[in-house]
Structures are given as C-alpha cells and as structure tokens.
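Participant: Okay, here's the structure, questions in a sec.
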Amino acid sequence: MNDGPSAPQMLYVVVWLALLGLLLVNLGTAYLPLGRLNGLLNLAVALFMAALVMMYSMHLRDSGVLIRITAAAGFVFLAILIGLSLTDFLTRTNVPVG
C-alpha cells in the first residue's frame, strides 16, 4: 500500500519537540496558583497537543476531505457525549443517605 509522499524526518522531530514543550507547559502551569485560569489554560494546551497529533501522527494534514470529515465527526459525537454527561452531572442534587 502506498501512503503517498511522507513528510521529512525533521518535521516529525520538530513536532515531537513541540509536544514535549507543551507537556512541560502543562506541568509548569499545574504548580502555578492561577485559579480557574489553570484548568482553561491546560485544556487549551491539551487541545493544541491533540491537534498536532492528529495533523502529523495521524497524517490528517495530507489526507482527503472524507477522512477529515470522519475525524471531525468523531469529535462532534465525543462533544455530544461529554455534554450530555455534564448536564446529568450538573443537575444532580445531594441526597442524604439513610
């Protein structure tokens, strides 16, 4: 099976170093007292890391439109599942036991 043109090896090294740098950013911000901004910042870094993995490790950057739509549909359904779970979690009340 021919995978088409592959990216140069240096690109993968740069992406790997970027992922390591973002991992260090996540680790560093975990110890900073940023309040609610801490979770938001770590989520943004994690989304950027996921985008790097999808674009370069999963080769979505060079793939066709149908493959990209399929990958995006997976994230849409994941967002729906997380949203429904979150609404269930946020609407529950604490009921005393016994």
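To be explicit about the labels: the chains of the structure tokens are called A, B, and onward in the order shown, and within each one the residues are counted from 1, while ligands get numbers from 1 in the order they are shown.
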Using only C-alpha atoms, what does the table of stretch 38-64 of chain A residues within 12 Å of stretch 75-90 of chain A look like, with each row giving the shortest atom pair and its distance in Å to one decimal, sorted by chain and ascending number, as a tab-separated table?
Facilitator:
```
residue	atom	partner	partner_atom	distance
A:Leu47	CA	A:Phe75	CA	11.5
A:Ala50	CA	A:Phe75	CA	11.3
A:Ala51	CA	A:Phe75	CA	11.5
A:Met54	CA	A:Phe75	CA	11.5
```
Participant: Export N, CA and C atoms of the chosen residues as a PDB file, in the first residue's frame?
Facilitator:
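File part21.pdb, as written:
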```pdb
ATOM      1  N   LEU A  47      -5.711  20.633  23.904  1.00  0.00           N
ATOM      2  CA  LEU A  47      -6.347  20.664  22.586  1.00  0.00           C
ATOM      3  C   LEU A  47      -5.330  20.921  21.483  1.00  0.00           C
ATOM      4  N   ALA A  50      -3.426  17.726  20.973  1.00  0.00           N
ATOM      5  CA  ALA A  50      -4.239  16.770  20.218  1.00  0.00           C
ATOM      6  C   ALA A  50      -4.281  17.138  18.740  1.00  0.00           C
ATOM      7  N   ALA A  51      -4.340  18.428  18.447  1.00  0.00           N
ATOM      8  CA  ALA A  51      -4.339  18.867  17.045  1.00  0.00           C
ATOM      9  C   ALA A  51      -3.023  18.519  16.368  1.00  0.00           C
ATOM     10  N   MET A  54      -3.096  14.771  15.687  1.00  0.00           N
ATOM     11  CA  MET A  54      -3.991  14.437  14.580  1.00  0.00           C
ATOM     12  C   MET A  54      -3.414  14.858  13.238  1.00  0.00           C
TER      13      MET A  54
END
```
Participant: Find the residues of stretch 43-81 of chain A that sit at most 9 Å from stretch 13-16 of chain A; for each, write down the nearest two atoms and how far apart they are in Å, to one decimal. Count only C-alpha atoms. Sort by chain, then by number going up, and give it as a tab-separated table.
Facilitator:
```
residue	atom	partner	partner_atom	distance
A:Leu52	CA	A:Val15	CA	7.1
A:Val53	CA	A:Val15	CA	8.4
A:Tyr56	CA	A:Val15	CA	7.7
```
Participant: Just the residues within 10 Å of A:Met49, please, counting only C-alpha atoms, with nothing from its chain fewer than 3 positions along; format it as a PyMOL selection string.
Facilitator: chain A and resi 15+18-23+43-46+52-55
Participant: For the residues in that selection, give me N, CA and C atoms as a PDB file, in the first residue's frame.
Facilitator:
```pdb
ATOM      1  N   VAL A  15       7.810  18.353  15.589  1.00  0.00           N
ATOM      2  CA  VAL A  15       6.507  18.113  16.219  1.00  0.00           C
ATOM      3  C   VAL A  15       6.693  17.432  17.566  1.00  0.00           C
ATOM      4  N   ALA A  18       7.859  19.977  19.985  1.00  0.00           N
ATOM      5  CA  ALA A  18       6.739  20.850  20.341  1.00  0.00           C
ATOM      6  C   ALA A  18       5.826  20.164  21.353  1.00  0.00           C
ATOM      7  N   LEU A  19       5.570  18.872  21.159  1.00  0.00           N
ATOM      8  CA  LEU A  19       4.747  18.140  22.117  1.00  0.00           C
ATOM      9  C   LEU A  19       5.416  18.059  23.484  1.00  0.00           C
ATOM     10  N   LEU A  20       6.733  17.856  23.503  1.00  0.00           N
ATOM     11  CA  LEU A  20       7.447  17.847  24.784  1.00  0.00           C
ATOM     12  C   LEU A  20       7.400  19.224  25.452  1.00  0.00           C
ATOM     13  N   GLY A  21       7.560  20.279  24.650  1.00  0.00           N
ATOM     14  CA  GLY A  21       7.479  21.628  25.203  1.00  0.00           C
ATOM     15  C   GLY A  21       6.108  21.923  25.775  1.00  0.00           C
ATOM     16  N   LEU A  22       5.060  21.504  25.076  1.00  0.00           N
ATOM     17  CA  LEU A  22       3.702  21.713  25.586  1.00  0.00           C
ATOM     18  C   LEU A  22       3.437  20.874  26.828  1.00  0.00           C
ATOM     19  N   LEU A  23       4.031  19.696  26.889  1.00  0.00           N
ATOM     20  CA  LEU A  23       3.915  18.885  28.097  1.00  0.00           C
ATOM     21  C   LEU A  23       4.555  19.598  29.284  1.00  0.00           C
ATOM     22  N   LEU A  43      -6.456  22.987  29.410  1.00  0.00           N
ATOM     23  CA  LEU A  43      -7.332  22.442  28.380  1.00  0.00           C
ATOM     24  C   LEU A  43      -6.944  22.955  27.002  1.00  0.00           C
ATOM     25  N   ALA A  44      -6.596  24.225  26.901  1.00  0.00           N
ATOM     26  CA  ALA A  44      -6.176  24.788  25.620  1.00  0.00           C
ATOM     27  C   ALA A  44      -4.881  24.142  25.134  1.00  0.00           C
ATOM     28  N   VAL A  45      -3.944  23.925  26.046  1.00  0.00           N
ATOM     29  CA  VAL A  45      -2.691  23.273  25.670  1.00  0.00           C
ATOM     30  C   VAL A  45      -2.954  21.835  25.232  1.00  0.00           C
ATOM     31  N   ALA A  46      -3.840  21.134  25.931  1.00  0.00           N
ATOM     32  CA  ALA A  46      -4.159  19.750  25.571  1.00  0.00           C
ATOM     33  C   ALA A  46      -4.836  19.679  24.205  1.00  0.00           C
ATOM     34  N   LEU A  52      -1.906  18.677  17.068  1.00  0.00           N
ATOM     35  CA  LEU A  52      -0.614  18.294  16.499  1.00  0.00           C
ATOM     36  C   LEU A  52      -0.547  16.800  16.216  1.00  0.00           C
ATOM     37  N   VAL A  53      -1.047  15.995  17.145  1.00  0.00           N
ATOM     38  CA  VAL A  53      -1.028  14.550  16.948  1.00  0.00           C
ATOM     39  C   VAL A  53      -1.914  14.167  15.772  1.00  0.00           C
ATOM     40  N   MET A  54      -3.096  14.771  15.687  1.00  0.00           N
ATOM     41  CA  MET A  54      -3.991  14.437  14.580  1.00  0.00           C
ATOM     42  C   MET A  54      -3.414  14.858  13.238  1.00  0.00           C
ATOM     43  N   MET A  55      -2.839  16.024  13.178  1.00  0.00           N
ATOM     44  CA  MET A  55      -2.349  16.524  11.895  1.00  0.00           C
ATOM     45  C   MET A  55      -1.104  15.790  11.409  1.00  0.00           C
TER      46      MET A  55
END
```
Participant: For atom CA of A:Leu41 and atom CA of A:Val25, quote the distance in Å rounded to one decimal.
Facilitator: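 A separation of 9.5 Å between them.
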Participant: I'd like the interatomic distance between atom CA of A:Gly64 and atom CA of A:Tyr12, to a tenth of an Å.
Facilitator: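 One can read the atom CA of A:Gly64 to atom CA of A:Tyr12 distance as 20.5 Å.
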Participant: If I take atom CA of A:Phe48 and atom CA of A:Thr29, how far is one from the other in Å, to one decimal?
Facilitator: 15.3 Å
Participant: Output as number ranges by chain all residues of chain A that backbone DSSP marks as helix (DSSP H, G or I).
Facilitator: A: 9-30, 36-57, 60-62, 65-90
Participant: Export C-alpha atoms of the chosen residues as a PDB file, in the first residue's frame?
Facilitator:
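Done, and the output landed in part09.pdb:
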```pdb
ATOM      1  CA  GLN A   9      12.022  13.315   9.219  1.00  0.00           C
ATOM      2  CA  MET A  10      12.950  16.716  10.626  1.00  0.00           C
ATOM      3  CA  LEU A  11       9.272  17.706  10.691  1.00  0.00           C
ATOM      4  CA  TYR A  12       8.499  14.789  12.992  1.00  0.00           C
ATOM      5  CA  VAL A  13      11.364  15.782  15.275  1.00  0.00           C
ATOM      6  CA  VAL A  14      10.038  19.351  15.448  1.00  0.00           C
ATOM      7  CA  VAL A  15       6.507  18.113  16.219  1.00  0.00           C
ATOM      8  CA  TRP A  16       7.873  15.794  18.906  1.00  0.00           C
ATOM      9  CA  LEU A  17       9.846  18.647  20.475  1.00  0.00           C
ATOM     10  CA  ALA A  18       6.739  20.850  20.341  1.00  0.00           C
ATOM     11  CA  LEU A  19       4.747  18.140  22.117  1.00  0.00           C
ATOM     12  CA  LEU A  20       7.447  17.847  24.784  1.00  0.00           C
ATOM     13  CA  GLY A  21       7.479  21.628  25.203  1.00  0.00           C
ATOM     14  CA  LEU A  22       3.702  21.713  25.586  1.00  0.00           C
ATOM     15  CA  LEU A  23       3.915  18.885  28.097  1.00  0.00           C
ATOM     16  CA  LEU A  24       6.354  20.974  30.134  1.00  0.00           C
ATOM     17  CA  VAL A  25       3.988  23.950  29.889  1.00  0.00           C
ATOM     18  CA  ASN A  26       1.175  21.762  31.237  1.00  0.00           C
ATOM     19  CA  LEU A  27       3.395  20.526  34.034  1.00  0.00           C
ATOM     20  CA  GLY A  28       4.594  24.018  34.892  1.00  0.00           C
ATOM     21  CA  THR A  29       1.139  25.569  34.991  1.00  0.00           C
ATOM     22  CA  ALA A  30      -0.126  22.794  37.253  1.00  0.00           C
ATOM     23  CA  ARG A  36      -9.864  28.934  37.278  1.00  0.00           C
ATOM     24  CA  LEU A  37      -7.484  30.033  34.550  1.00  0.00           C
ATOM     25  CA  ASN A  38      -5.320  26.996  35.303  1.00  0.00           C
ATOM     26  CA  GLY A  39      -7.884  24.498  34.038  1.00  0.00           C
ATOM     27  CA  LEU A  40      -8.699  26.598  30.996  1.00  0.00           C
ATOM     28  CA  LEU A  41      -5.032  27.022  30.091  1.00  0.00           C
ATOM     29  CA  ASN A  42      -4.296  23.316  30.496  1.00  0.00           C
ATOM     30  CA  LEU A  43      -7.332  22.442  28.380  1.00  0.00           C
ATOM     31  CA  ALA A  44      -6.176  24.788  25.620  1.00  0.00           C
ATOM     32  CA  VAL A  45      -2.691  23.273  25.670  1.00  0.00           C
ATOM     33  CA  ALA A  46      -4.159  19.750  25.571  1.00  0.00           C
ATOM     34  CA  LEU A  47      -6.347  20.664  22.586  1.00  0.00           C
ATOM     35  CA  PHE A  48      -3.331  22.063  20.756  1.00  0.00           C
ATOM     36  CA  MET A  49      -1.371  18.893  21.530  1.00  0.00           C
ATOM     37  CA  ALA A  50      -4.239  16.770  20.218  1.00  0.00           C
ATOM     38  CA  ALA A  51      -4.339  18.867  17.045  1.00  0.00           C
ATOM     39  CA  LEU A  52      -0.614  18.294  16.499  1.00  0.00           C
ATOM     40  CA  VAL A  53      -1.028  14.550  16.948  1.00  0.00           C
ATOM     41  CA  MET A  54      -3.991  14.437  14.580  1.00  0.00           C
ATOM     42  CA  MET A  55      -2.349  16.524  11.895  1.00  0.00           C
ATOM     43  CA  TYR A  56       1.080  14.904  11.864  1.00  0.00           C
ATOM     44  CA  SER A  57       0.938  11.483  13.547  1.00  0.00           C
ATOM     45  CA  LEU A  60      -4.759  14.182   8.540  1.00  0.00           C
ATOM     46  CA  ARG A  61      -2.868  17.115   7.090  1.00  0.00           C
ATOM     47  CA  ASP A  62      -2.263  15.233   3.842  1.00  0.00           C
ATOM     48  CA  VAL A  65     -11.718  15.576   2.651  1.00  0.00           C
ATOM     49  CA  LEU A  66     -13.722  12.475   3.566  1.00  0.00           C
ATOM     50  CA  ILE A  67     -11.106  11.325   6.090  1.00  0.00           C
ATOM     51  CA  ARG A  68     -11.056  14.786   7.679  1.00  0.00           C
ATOM     52  CA  ILE A  69     -14.850  14.858   7.905  1.00  0.00           C
ATOM     53  CA  THR A  70     -14.819  11.420   9.533  1.00  0.00           C
ATOM     54  CA  ALA A  71     -12.247  12.549  12.107  1.00  0.00           C
ATOM     55  CA  ALA A  72     -14.253  15.706  12.812  1.00  0.00           C
ATOM     56  CA  ALA A  73     -17.458  13.667  13.197  1.00  0.00           C
ATOM     57  CA  GLY A  74     -15.772  11.604  15.893  1.00  0.00           C
ATOM     58  CA  PHE A  75     -15.053  14.753  17.853  1.00  0.00           C
ATOM     59  CA  VAL A  76     -18.601  16.038  17.359  1.00  0.00           C
ATOM     60  CA  PHE A  77     -20.022  12.839  18.821  1.00  0.00           C
ATOM     61  CA  LEU A  78     -17.489  12.956  21.651  1.00  0.00           C
ATOM     62  CA  ALA A  79     -18.562  16.528  22.421  1.00  0.00           C
ATOM     63  CA  ILE A  80     -22.218  15.441  22.435  1.00  0.00           C
ATOM     64  CA  LEU A  81     -21.475  12.580  24.841  1.00  0.00           C
ATOM     65  CA  ILE A  82     -19.461  14.815  27.148  1.00  0.00           C
ATOM     66  CA  GLY A  83     -22.163  17.495  27.024  1.00  0.00           C
ATOM     67  CA  LEU A  84     -24.920  15.034  27.907  1.00  0.00           C
ATOM     68  CA  SER A  85     -22.851  13.561  30.723  1.00  0.00           C
ATOM     69  CA  LEU A  86     -22.095  17.037  32.010  1.00  0.00           C
ATOM     70  CA  THR A  87     -25.757  18.046  32.054  1.00  0.00           C
ATOM     71  CA  ASP A  88     -26.559  14.903  34.038  1.00  0.00           C
ATOM     72  CA  PHE A  89     -23.753  15.606  36.488  1.00  0.00           C
ATOM     73  CA  LEU A  90     -24.613  19.289  36.952  1.00  0.00           C
TER      74      LEU A  90
END
```
